[in-house]
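Chemist: Just so it is clear, I am handing over start10.txt, which has compact mmCIF, C-alpha atoms.
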```txt
# COMPACT_ATOMS: atom_id res chain seq x y z
CA MET A 274 -22.11 16.45 -44.55
CA VAL A 275 -24.15 14.89 -47.34
CA ASP A 276 -27.13 17.21 -46.79
CA GLU A 277 -24.87 20.25 -46.77
CA ALA A 278 -23.30 19.11 -50.02
CA GLY A 279 -26.75 18.58 -51.53
CA CYS A 280 -27.69 22.16 -50.66
CA ALA A 281 -24.38 23.38 -52.02
CA GLU A 282 -25.20 21.81 -55.37
CA GLN A 283 -28.05 24.28 -55.79
CA LYS A 284 -25.91 27.24 -54.77
CA ILE A 285 -22.63 26.58 -56.56
CA ASN A 286 -22.39 27.45 -60.21
CA ILE A 287 -20.22 24.74 -61.64
CA ARG A 288 -20.50 25.78 -65.26
CA ARG A 289 -16.92 26.59 -66.18
CA LYS A 290 -16.44 28.46 -69.42
CA GLY A 291 -14.68 26.53 -72.19
CA LEU A 292 -14.34 26.44 -75.94
CA ASP A 293 -15.62 23.86 -78.38
CA ALA A 294 -13.78 22.56 -81.43
CA ASP A 295 -14.88 25.59 -83.46
CA GLY A 296 -13.55 28.06 -80.93
CA LYS A 297 -17.02 29.05 -79.69
CA ASP A 298 -18.03 29.44 -76.08
CA HIS A 299 -19.25 26.16 -74.62
CA PRO A 300 -20.43 26.36 -70.99
CA GLY A 301 -19.62 23.32 -68.90
CA ARG A 302 -16.54 22.20 -70.83
CA VAL A 303 -13.34 21.72 -68.87
CA VAL A 304 -10.83 22.68 -71.52
CA ALA A 305 -7.82 21.46 -69.55
CA LEU A 306 -9.19 17.92 -69.83
CA ASP A 307 -8.59 18.00 -73.59
CA GLY A 308 -4.94 18.79 -73.04
CA ILE A 309 -4.60 16.07 -70.39
CA ARG A 310 -6.24 13.55 -72.73
CA LEU A 311 -3.81 14.35 -75.52
CA PHE A 312 -0.87 14.16 -73.13
CA ALA A 313 -2.00 10.71 -71.90
CA ALA A 314 -2.35 9.47 -75.48
CA LEU A 315 1.10 10.73 -76.43
CA CYS A 316 2.58 8.97 -73.39
CA VAL A 317 1.23 5.68 -74.69
CA VAL A 318 2.37 6.46 -78.25
CA VAL A 319 5.91 7.25 -77.09
CA TYR A 320 6.00 4.04 -75.06
CA HIS A 321 5.04 1.94 -78.09
CA TYR A 322 7.31 3.76 -80.55
CA ILE A 323 10.43 4.27 -78.43
CA ALA A 324 10.44 1.84 -75.51
CA TYR A 325 8.65 -1.23 -76.83
CA GLN A 326 11.15 -3.88 -77.84
CA TYR A 327 12.36 -4.91 -81.25
CA VAL A 328 10.63 -7.20 -83.75
CA ALA A 329 11.34 -10.45 -81.88
CA PHE A 330 9.00 -9.18 -79.15
CA GLY A 331 6.33 -7.85 -81.52
CA GLY A 332 7.46 -4.24 -81.85
CA GLY A 333 8.48 -2.47 -85.03
CA TRP A 334 12.21 -2.04 -84.56
CA ARG A 335 14.76 -4.58 -85.77
CA THR A 336 17.28 -3.79 -83.00
CA ASP A 337 17.23 -3.05 -79.29
CA THR A 338 15.25 0.13 -78.57
CA LYS A 339 17.51 1.01 -75.65
CA GLU A 340 20.43 1.20 -78.08
CA LEU A 341 18.41 3.17 -80.64
CA PHE A 342 17.13 5.74 -78.10
CA PRO A 343 19.58 5.72 -75.18
CA ARG A 344 18.35 9.04 -73.74
CA ALA A 345 14.62 8.73 -74.46
CA PHE A 346 14.26 5.07 -73.47
CA PRO A 347 14.42 5.56 -69.65
CA VAL A 348 11.54 8.06 -69.87
CA ALA A 349 9.49 6.35 -72.59
CA ALA A 350 9.64 3.08 -70.62
CA TYR A 351 7.00 4.53 -68.28
CA GLY A 352 4.67 5.76 -71.02
CA TRP A 353 2.33 2.81 -70.39
CA LEU A 354 1.15 4.70 -67.31
CA GLY A 355 -0.74 7.01 -69.67
CA VAL A 356 -3.47 4.35 -69.57
CA GLU A 357 -3.87 4.88 -65.83
CA LEU A 358 -4.29 8.60 -66.48
CA PHE A 359 -6.93 7.77 -69.10
CA PHE A 360 -8.88 5.79 -66.52
CA LEU A 361 -8.74 8.68 -64.04
CA ILE A 362 -10.01 11.04 -66.73
CA SER A 363 -12.75 8.60 -67.66
CA GLY A 364 -14.10 8.45 -64.12
CA PHE A 365 -14.24 12.26 -64.01
CA VAL A 366 -15.73 12.74 -67.47
CA ILE A 367 -18.37 10.01 -67.31
CA CYS A 368 -19.69 11.28 -64.00
CA MET A 369 -19.72 14.84 -65.33
CA SER A 370 -21.40 14.03 -68.65
CA CYS A 371 -24.05 11.74 -67.14
CA TRP A 372 -25.23 13.94 -64.30
CA GLY A 373 -28.94 14.54 -64.79
CA LYS A 374 -29.26 12.28 -67.84
CA PRO A 375 -31.50 9.20 -68.14
CA VAL A 376 -30.01 5.77 -68.78
CA ARG A 377 -30.92 5.81 -72.46
CA GLY A 378 -29.15 9.15 -72.92
CA PHE A 379 -26.06 7.73 -71.24
CA PHE A 380 -26.18 4.61 -73.43
CA VAL A 381 -26.59 6.59 -76.64
CA SER A 382 -23.81 9.05 -75.81
CA ARG A 383 -21.33 6.27 -75.00
CA ALA A 384 -22.16 4.19 -78.07
CA VAL A 385 -21.85 7.22 -80.34
CA ARG A 386 -18.55 8.16 -78.72
CA LEU A 387 -16.92 4.73 -78.83
CA PHE A 388 -18.04 2.72 -81.80
CA PRO A 389 -17.71 4.71 -85.08
CA ALA A 390 -13.98 5.40 -84.67
CA TYR A 391 -13.45 1.94 -83.19
CA TRP A 392 -15.05 0.17 -86.15
CA PHE A 393 -12.90 2.22 -88.49
CA GLY A 394 -9.81 1.39 -86.41
CA VAL A 395 -10.47 -2.36 -86.50
CA VAL A 396 -10.92 -2.36 -90.29
CA ALA A 397 -8.04 0.04 -91.00
CA THR A 398 -5.60 -1.83 -88.76
CA THR A 399 -6.55 -5.17 -90.32
CA LEU A 400 -6.03 -3.85 -93.85
CA VAL A 401 -2.72 -2.11 -93.09
CA VAL A 402 -1.31 -5.15 -91.30
CA ALA A 403 -2.36 -7.34 -94.24
CA VAL A 404 -0.81 -5.04 -96.87
CA ILE A 405 2.38 -3.77 -95.19
CA PRO A 406 4.88 -6.47 -94.14
CA GLY A 407 5.98 -6.29 -90.54
CA PRO A 408 5.94 -7.98 -87.13
CA GLN A 409 2.14 -7.93 -86.81
CA LYS A 410 0.08 -10.50 -88.71
CA PRO A 411 -3.58 -10.04 -89.64
CA ARG A 412 -6.15 -11.85 -87.58
CA PRO A 413 -8.57 -14.29 -89.27
CA TRP A 414 -11.62 -12.53 -90.67
CA TRP A 415 -13.90 -14.21 -88.14
CA ASP A 416 -11.80 -12.81 -85.30
CA VAL A 417 -12.02 -9.38 -86.91
CA LEU A 418 -15.82 -9.65 -86.93
CA THR A 419 -15.79 -10.54 -83.23
CA ASN A 420 -13.54 -7.56 -82.53
CA LEU A 421 -16.22 -5.28 -83.97
CA THR A 422 -18.38 -6.06 -80.93
CA MET A 423 -15.66 -4.86 -78.51
CA LEU A 424 -16.37 -8.05 -76.54
CA GLN A 425 -13.45 -10.10 -77.82
CA GLU A 426 -11.83 -10.45 -74.38
CA PRO A 427 -14.70 -12.27 -72.62
CA LEU A 428 -15.31 -14.28 -75.81
CA GLY A 429 -11.70 -15.51 -75.84
CA VAL A 430 -10.68 -13.83 -79.11
CA GLN A 431 -7.39 -11.95 -79.58
CA ASP A 432 -7.50 -8.18 -80.07
CA VAL A 433 -6.83 -6.86 -83.58
CA ASP A 434 -4.68 -4.24 -81.83
CA GLY A 435 -3.22 -4.69 -78.36
CA VAL A 436 -4.50 -1.35 -77.04
CA TYR A 437 -8.12 -2.48 -77.38
CA TRP A 438 -8.01 -4.22 -73.99
CA THR A 439 -8.60 -0.85 -72.32
CA LEU A 440 -11.88 -0.40 -74.19
CA PHE A 441 -13.39 -3.46 -72.56
CA ALA A 442 -12.34 -2.02 -69.20
CA GLU A 443 -14.18 1.17 -70.13
CA LEU A 444 -17.26 -0.84 -71.13
CA ARG A 445 -17.36 -2.53 -67.73
CA PHE A 446 -17.10 0.84 -66.02
CA TYR A 447 -19.97 2.13 -68.18
CA LEU A 448 -22.07 -0.89 -67.27
CA LEU A 449 -21.56 -0.27 -63.57
CA PHE A 450 -22.18 3.45 -63.88
CA ALA A 451 -25.33 2.85 -65.95
CA LEU A 452 -26.82 1.35 -62.80
CA MET A 453 -26.16 4.66 -61.08
CA CYS A 454 -27.83 6.57 -63.92
CA TRP A 455 -30.85 4.32 -63.58
CA TRP A 456 -30.92 4.99 -59.84
CA GLY A 457 -30.34 8.71 -60.32
CA LEU A 458 -27.11 10.57 -59.63
CA THR A 459 -26.87 12.45 -56.35
CA TYR A 460 -23.93 13.17 -54.11
CA ARG A 461 -25.06 10.61 -51.55
CA ARG A 462 -25.71 7.86 -54.10
CA VAL A 463 -22.44 8.34 -55.96
CA LEU A 464 -20.57 8.17 -52.64
CA ILE A 465 -22.32 4.89 -51.87
CA PHE A 466 -21.44 3.60 -55.33
CA CYS A 467 -17.76 4.49 -54.89
CA GLY A 468 -17.60 2.97 -51.42
CA ALA A 469 -19.30 -0.24 -52.54
CA TRP A 470 -16.98 -0.57 -55.57
CA MET A 471 -13.92 0.00 -53.40
CA ALA A 472 -15.05 -2.72 -50.98
CA ALA A 473 -15.79 -5.14 -53.83
CA SER A 474 -12.41 -4.40 -55.45
CA ALA A 475 -10.56 -5.13 -52.22
CA LEU A 476 -12.48 -8.38 -51.67
CA CYS A 477 -11.97 -9.56 -55.27
CA ALA A 478 -8.30 -8.60 -55.47
CA GLY A 479 -7.11 -11.98 -54.23
CA ALA A 480 -9.79 -14.02 -55.97
CA GLY A 481 -9.19 -16.10 -59.06
CA ASP A 482 -10.44 -15.27 -62.51
CA GLY A 483 -14.19 -15.37 -62.88
CA PRO A 484 -17.22 -13.30 -63.89
CA LEU A 485 -17.30 -11.32 -60.64
CA ARG A 486 -13.64 -10.34 -60.80
CA MET A 487 -14.03 -9.46 -64.48
CA LEU A 488 -16.92 -7.13 -63.63
CA VAL A 489 -15.30 -5.53 -60.57
CA MET A 490 -11.84 -5.35 -62.27
CA PRO A 491 -9.75 -4.55 -59.18
CA GLU A 492 -6.72 -3.96 -61.44
CA CYS A 493 -8.31 -0.79 -62.90
CA SER A 494 -11.20 0.15 -60.62
CA TRP A 495 -9.18 2.40 -58.29
CA TYR A 496 -8.52 4.89 -61.09
CA PHE A 497 -12.16 5.04 -62.18
CA ILE A 498 -13.33 5.47 -58.58
CA ALA A 499 -10.78 8.22 -57.93
CA GLY A 500 -11.86 9.98 -61.13
CA VAL A 501 -15.48 9.95 -59.93
CA ALA A 502 -14.39 11.27 -56.53
CA PHE A 503 -12.42 14.04 -58.23
CA TYR A 504 -15.57 15.06 -60.10
CA LEU A 505 -17.49 15.20 -56.81
CA MET A 506 -14.76 17.53 -55.56
CA TYR A 507 -15.16 19.62 -58.69
CA ARG A 508 -18.93 19.80 -58.37
CA PHE A 509 -19.37 20.04 -54.59
CA ARG A 510 -15.94 21.24 -53.40
CA PRO A 511 -13.33 19.04 -51.70
CA ASN A 512 -13.81 17.64 -48.21
CA VAL A 513 -12.02 15.18 -45.97
CA LEU A 514 -14.23 12.25 -47.06
CA LEU A 515 -13.49 12.69 -50.77
CA THR A 516 -9.82 13.35 -50.07
CA GLY A 517 -9.57 10.15 -48.04
CA MET A 518 -11.28 8.22 -50.82
CA VAL A 519 -8.82 9.51 -53.40
CA LEU A 520 -5.79 8.76 -51.21
CA THR A 521 -7.09 5.25 -50.56
CA CYS A 522 -7.49 4.68 -54.29
CA PHE A 523 -3.94 5.87 -54.93
CA CYS A 524 -2.45 3.55 -52.32
CA ALA A 525 -4.63 0.60 -53.38
CA SER A 526 -3.67 1.00 -57.05
CA LEU A 527 0.06 0.55 -56.38
CA PRO A 528 0.16 -3.26 -55.97
CA PHE A 529 -1.47 -3.67 -59.38
CA ALA A 530 0.89 -1.12 -60.93
CA HIS A 531 3.73 -3.14 -59.43
CA THR A 532 2.40 -6.30 -61.07
CA THR A 533 2.35 -4.59 -64.47
CA TRP A 534 5.86 -3.24 -63.88
CA SER A 535 7.11 -6.73 -63.03
CA HIS A 536 6.09 -7.88 -66.53
CA LEU A 537 7.78 -4.99 -68.35
CA ARG A 538 10.93 -6.93 -69.17
CA THR A 539 8.85 -9.08 -71.52
CA TYR A 540 7.94 -5.99 -73.54
CA LEU A 541 11.05 -3.85 -73.10
CA GLY A 542 13.80 -6.45 -73.00
CA HIS A 543 15.24 -4.58 -70.00
CA THR A 544 14.45 -4.05 -66.35
CA VAL A 545 13.65 -0.50 -65.23
CA PRO A 546 13.32 0.80 -61.63
CA TYR A 547 9.93 0.59 -59.92
CA TRP A 548 10.04 3.81 -57.91
CA PRO A 549 9.26 6.06 -60.92
CA VAL A 550 5.97 4.17 -61.30
CA VAL A 551 4.87 5.40 -57.86
CA VAL A 552 6.05 8.92 -58.66
CA VAL A 553 4.25 9.06 -62.02
CA VAL A 554 0.97 7.65 -60.70
CA GLY A 555 1.21 10.17 -57.87
CA MET A 556 1.70 12.94 -60.43
CA TRP A 557 -1.47 11.83 -62.24
CA PHE A 558 -3.46 12.06 -59.00
CA VAL A 559 -2.00 15.50 -58.24
CA LEU A 560 -2.83 16.67 -61.77
CA MET A 561 -6.44 15.55 -61.38
CA ALA A 562 -6.57 17.21 -57.96
CA PHE A 563 -5.52 20.49 -59.57
CA LEU A 564 -8.28 20.04 -62.13
CA ALA A 565 -10.89 19.19 -59.51
CA THR A 566 -10.04 22.21 -57.36
CA GLY A 567 -10.13 24.69 -60.24
CA ARG A 568 -6.40 25.30 -60.40
CA LEU A 569 -6.42 24.59 -64.13
CA SER A 570 -9.40 26.81 -64.95
CA TRP A 571 -7.00 29.32 -66.51
CA VAL A 572 -6.38 26.89 -69.38
CA THR A 573 -8.54 28.17 -72.26
CA CYS A 574 -6.38 27.58 -75.35
CA ARG A 575 -8.59 27.45 -78.42
CA TRP A 576 -6.66 24.60 -80.01
CA LEU A 577 -7.00 22.22 -77.07
CA PRO A 578 -10.55 20.99 -77.85
CA VAL A 579 -9.41 20.23 -81.39
CA ALA A 580 -6.35 18.41 -80.08
CA GLY A 581 -8.47 16.54 -77.57
CA ALA A 582 -10.75 15.35 -80.37
CA LEU A 583 -7.75 13.59 -81.97
CA THR A 584 -6.98 11.56 -78.85
CA TYR A 585 -9.34 8.64 -79.36
CA PRO A 586 -8.53 7.99 -83.06
CA LEU A 587 -4.82 8.39 -82.30
CA TYR A 588 -5.03 5.84 -79.51
CA LEU A 589 -6.94 3.35 -81.68
CA LEU A 590 -4.70 3.58 -84.74
CA HIS A 591 -1.16 4.19 -83.57
CA GLU A 592 0.17 0.86 -82.30
CA CYS A 593 0.09 -1.87 -84.97
CA ILE A 594 -0.02 0.51 -87.92
CA GLY A 595 2.91 2.47 -86.51
CA TRP A 596 4.91 -0.70 -85.94
CA GLN A 597 4.37 -1.87 -89.51
CA ILE A 598 5.51 1.51 -90.89
CA THR A 599 8.50 1.61 -88.53
CA HIS A 600 9.52 -1.88 -89.58
CA VAL A 601 9.50 -0.94 -93.28
CA MET A 602 11.25 2.42 -92.84
CA GLY A 603 13.71 1.32 -90.17
CA GLU A 604 16.53 0.28 -92.51
CA ARG A 605 16.37 3.42 -94.67
CA VAL A 606 15.52 6.29 -92.31
CA PRO A 607 17.23 7.17 -88.98
CA PRO A 608 15.12 6.22 -85.94
CA HIS A 609 15.10 9.77 -84.54
CA VAL A 610 13.50 10.89 -87.81
CA ILE A 611 11.01 8.04 -88.12
CA VAL A 612 9.36 8.57 -84.75
CA PRO A 613 8.34 12.25 -85.18
CA LEU A 614 7.29 11.55 -88.77
CA VAL A 615 5.06 8.65 -87.76
CA VAL A 616 3.60 10.56 -84.81
CA ALA A 617 2.84 13.57 -87.02
CA GLY A 618 1.33 11.32 -89.67
CA MET A 619 -0.85 9.60 -87.09
CA LEU A 620 -2.09 12.95 -85.79
CA VAL A 621 -3.06 14.01 -89.32
CA VAL A 622 -4.86 10.71 -89.95
CA SER A 623 -6.59 11.05 -86.57
CA TRP A 624 -7.93 14.47 -87.57
CA PHE A 625 -9.35 13.04 -90.79
CA VAL A 626 -10.93 10.16 -88.90
CA HIS A 627 -12.49 12.57 -86.40
CA ARG A 628 -13.71 14.93 -89.12
CA TYR A 629 -14.91 12.47 -91.74
CA VAL A 630 -15.72 9.31 -89.75
CA GLU A 631 -16.49 10.08 -86.11
CA ARG A 632 -18.62 13.17 -86.62
CA PRO A 633 -20.83 12.11 -89.55
CA ALA A 634 -21.13 8.48 -88.43
CA GLY A 635 -21.80 9.63 -84.88
CA ARG A 636 -24.63 11.90 -86.01
CA TRP A 637 -26.15 9.11 -88.07
CA LEU A 638 -25.86 6.57 -85.24
CA ARG A 639 -27.27 8.97 -82.65
CA THR A 640 -30.34 9.71 -84.78
CA ARG A 641 -31.05 6.02 -85.40
CA MET A 642 -30.57 5.07 -81.75
CA VAL A 643 -32.84 7.86 -80.51
CA GLN A 644 -35.49 6.72 -82.99
CA ALA A 645 -35.10 3.13 -81.81
CA PHE A 646 -35.50 4.10 -78.15
CA ALA A 647 -38.53 6.22 -79.05
CA GLN A 648 -40.17 3.16 -80.61
CA VAL A 649 -39.45 1.11 -77.50
CA LYS A 650 -40.92 3.83 -75.29
CA GLY A 651 -43.99 4.14 -77.52
CA ARG A 652 -44.78 0.44 -77.16
```
Now, as a test, write the supplied structure out as structure tokens.
Modeler:
Amino acid sequence: MVDEAGCAEQKINIRRKGLDADGKDHPGRVVALDGIRLFAALCVVVYHYIAYQYVAFGGGWRTDTKELFPRAFPVAAYGWLGVELFFLISGFVICMSCWGKPVRGFFVSRAVRLFPAYWFGVVATTLVVAVIPGPQKPRPWWDVLTNLTMLQEPLGVQDVDGVYWTLFAELRFYLLFALMCWWGLTYRRVLIFCGAWMAASALCAGAGDGPLRMLVMPECSWYFIAGVAFYLMYRFRPNVLLTGMVLTCFCASLPFAHTTWSHLRTYLGHTVPYWPVVVVVGMWFVLMAFLATGRLSWVTCRWLPVAGALTYPLYLLHECIGWQITHVMGERVPPHVIVPLVVAGMLVVSWFVHRYVERPAGRWLRTRMVQAFAQVKGR
């Protein structure tokens, strides 16, 4: 099976036509991914703006969100599952973007993608929280400096913004996948990697906190592994082995999703049914299956790459800043007006961050990092 797949790699043209942010043809881009990214980000935004509880629990509203949004609350209460969709996408995208690249290329591309907007988000969130009164309080400046490393979780420092915990999960995935890049990506090797990570996740699931569990992260690993398997389907065509791997990841992810659900009352102030969690996670897997099997190749909207570019800044900036604004506006503007206004404002700010921070800072950082690696290689 593996040898046949290896031969198929040479025969199958996997370069799907897409469009870049300027509307030009860009071979290899999966345009539908941009739309899925934006959808996942908006799920998280809606969860924080509509479902997350009032100020006593850290949110921006002064009264019970279920009373403010009686119709939207039951749906928005499951918006946190957008993070699980992000992890699925990440597994797919990282495997796709790293295929055939050396380790240094992988390292440079990830650093350029993550850090410029993140640094801006840490500073901007700190300043807004310090200036605008609300439920969130600014962290001490030394904690802010630690946050700039993106390593605040293992160093025991609180996040400047609560959503940053997912970035450390991404970093651990990148570290593990960097080993694969060093080894060289092939169908056989990536399968071994996925199988080994699944076994380690199962063995560490019941273990206590420690360095090994932190690295293996059984709470999140199943989504990353499934995303990688979906990319193998996309590149080499589906087969029973990859399908079984994906189904195993889906089933294995549910106990951890249940644990998160069991803590929701702390954040929502209300208990919501568990069964929609299983349904929504299942929908995410089905959506990625459609992507992996080419059933979304018809999606070629020119605006989607632009919208997808807003996803990361939107995710970084929306939570604490949005809560502070909501807290200030809540007594003067109706809630059903505040939410779309804040979301629209965040999308506009995200575009400016992408255009005037991410792109120029990313170019500058990429050039300097390539030069630095060239010096290392020369010596």
Chemist: Using all atoms listed in the file and a cutoff of 10 Å, can you tell me which residues are near (-6.3, -3.6, -91.1) in the file's coordinates, and write them out as a compact mmCIF listing (two decimals) with C-alpha atoms, keeping the file's coordinate frame?
Modeler:
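After the write, out31.txt holds the following:
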```txt
# COMPACT_ATOMS: atom_id res chain seq x y z
CA PHE A 393 -12.90 2.22 -88.49
CA GLY A 394 -9.81 1.39 -86.41
CA VAL A 395 -10.47 -2.36 -86.50
CA VAL A 396 -10.92 -2.36 -90.29
CA ALA A 397 -8.04 0.04 -91.00
CA THR A 398 -5.60 -1.83 -88.76
CA THR A 399 -6.55 -5.17 -90.32
CA LEU A 400 -6.03 -3.85 -93.85
CA VAL A 401 -2.72 -2.11 -93.09
CA VAL A 402 -1.31 -5.15 -91.30
CA ALA A 403 -2.36 -7.34 -94.24
CA VAL A 404 -0.81 -5.04 -96.87
CA ILE A 405 2.38 -3.77 -95.19
CA LYS A 410 0.08 -10.50 -88.71
CA PRO A 411 -3.58 -10.04 -89.64
CA ARG A 412 -6.15 -11.85 -87.58
CA VAL A 417 -12.02 -9.38 -86.91
CA VAL A 433 -6.83 -6.86 -83.58
CA ASP A 434 -4.68 -4.24 -81.83
CA LEU A 590 -4.70 3.58 -84.74
CA CYS A 593 0.09 -1.87 -84.97
CA ILE A 594 -0.02 0.51 -87.92
```
Chemist: Residues at most 8 Å from Val630 in chain A, counting all atoms listed in the file, excluding those fewer than 5 positions away in the same chain, as a ChimeraX atom specification?
Modeler: /A:389-390,393,625,635
Chemist: Include C-alpha atoms and write out the residues we just selected as a PDB file, keeping the file's coordinate frame.
Modeler:
```pdb
ATOM      1  CA  PRO A 389     -17.710   4.710 -85.080  1.00  0.00           C
ATOM      2  CA  ALA A 390     -13.980   5.400 -84.670  1.00  0.00           C
ATOM      3  CA  PHE A 393     -12.900   2.220 -88.490  1.00  0.00           C
ATOM      4  CA  PHE A 625      -9.350  13.040 -90.790  1.00  0.00           C
ATOM      5  CA  GLY A 635     -21.800   9.630 -84.880  1.00  0.00           C
TER       6      GLY A 635
END
```
Chemist: When you count only C-alpha atoms, which of these residues is closest to Pro427 in chain A: A:Thr459, A:Gly483, A:Phe523, A:Tyr447?
Modeler: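 Of A:Thr459, A:Gly483, A:Phe523, A:Tyr447, the one nearest Pro427 in chain A, counting only C-alpha atoms, is A:Gly483.
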Chemist: Quick one: of A:Ala350, A:Ala582, A:Ala647, A:Val304, who's nearest to Gly542 in chain A, counting only C-alpha atoms?
Modeler: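 The closest residue to Gly542 in chain A is A:Ala350.
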Chemist: For a quick check of your reading of the model, name the residues lying within 12 Å of the coordinate (9.1, -7.2, -79.3), counting only C-alpha atoms, and write them as a tab-separated table (two decimals) with C-alpha atoms, keeping the file's coordinate frame.
Modeler:
```tsv
chain	number	residue	atom	x	y	z
A	321	HIS	CA	5.04	1.94	-78.09
A	322	TYR	CA	7.31	3.76	-80.55
A	323	ILE	CA	10.43	4.27	-78.43
A	324	ALA	CA	10.44	1.84	-75.51
A	325	TYR	CA	8.65	-1.23	-76.83
A	326	GLN	CA	11.15	-3.88	-77.84
A	327	TYR	CA	12.36	-4.91	-81.25
A	328	VAL	CA	10.63	-7.20	-83.75
A	329	ALA	CA	11.34	-10.45	-81.88
A	330	PHE	CA	9.00	-9.18	-79.15
A	331	GLY	CA	6.33	-7.85	-81.52
A	332	GLY	CA	7.46	-4.24	-81.85
A	333	GLY	CA	8.48	-2.47	-85.03
A	334	TRP	CA	12.21	-2.04	-84.56
A	335	ARG	CA	14.76	-4.58	-85.77
A	336	THR	CA	17.28	-3.79	-83.00
A	337	ASP	CA	17.23	-3.05	-79.29
A	338	THR	CA	15.25	0.13	-78.57
A	407	GLY	CA	5.98	-6.29	-90.54
A	408	PRO	CA	5.94	-7.98	-87.13
A	409	GLN	CA	2.14	-7.93	-86.81
A	537	LEU	CA	7.78	-4.99	-68.35
A	538	ARG	CA	10.93	-6.93	-69.17
A	539	THR	CA	8.85	-9.08	-71.52
A	540	TYR	CA	7.94	-5.99	-73.54
A	541	LEU	CA	11.05	-3.85	-73.10
A	542	GLY	CA	13.80	-6.45	-73.00
A	543	HIS	CA	15.24	-4.58	-70.00
A	593	CYS	CA	0.09	-1.87	-84.97
A	596	TRP	CA	4.91	-0.70	-85.94
A	600	HIS	CA	9.52	-1.88	-89.58
```
Chemist: Measuring atom to atom with all atoms listed in the file, identify which of A:Trp372, A:Trp456, A:Phe365, A:Phe441 is nearest to Tyr391 in chain A.
Modeler: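 Nearest to Tyr391 in chain A: A:Phe441.
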Chemist: To one decimal place in Å, what is the distance between CA of Val376 in chain A and CA of Gly457 in chain A?
Modeler: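 Spanning CA of Val376 in chain A to CA of Gly457 in chain A is a straight-line distance of 9.0 Å.
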Chemist: Find the residue from A:Val579, A:Met619, A:Met518, A:Val318 that sits nearest to Val356 in chain A; use all atoms listed in the file when measuring.
Modeler: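 Closest candidate: A:Val318.
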Chemist: Have a look at CA of Thr533 in chain A and CA of Leu560 in chain A and let me know their distance in Å, one decimal.
Modeler: 22.0 Å
Chemist: Write out as CSV a residue-level contact list of range 331-380 of chain A versus range 493-511 of chain A with cut-off 9 Å: for each qualifying residue the closest pair of atoms and the distance in Å to one decimal, counting all atoms listed in the file, rows sorted by chain and residue number upward.
Modeler:
```
residue,atom,partner,partner_atom,distance
A:Glu357,CA,A:Tyr496,CA,6.6
A:Leu358,CA,A:Tyr496,CA,7.8
A:Phe359,CA,A:Tyr496,CA,8.7
A:Phe360,CA,A:Phe497,CA,5.5
A:Leu361,CA,A:Gly500,CA,4.5
A:Ile362,CA,A:Gly500,CA,6.0
A:Ser363,CA,A:Phe497,CA,6.6
A:Gly364,CA,A:Gly500,CA,4.0
A:Phe365,CA,A:Gly500,CA,4.4
A:Val366,CA,A:Tyr504,CA,7.7
A:Ile367,CA,A:Val501,CA,7.9
A:Cys368,CA,A:Val501,CA,6.0
A:Met369,CA,A:Tyr504,CA,6.7
```
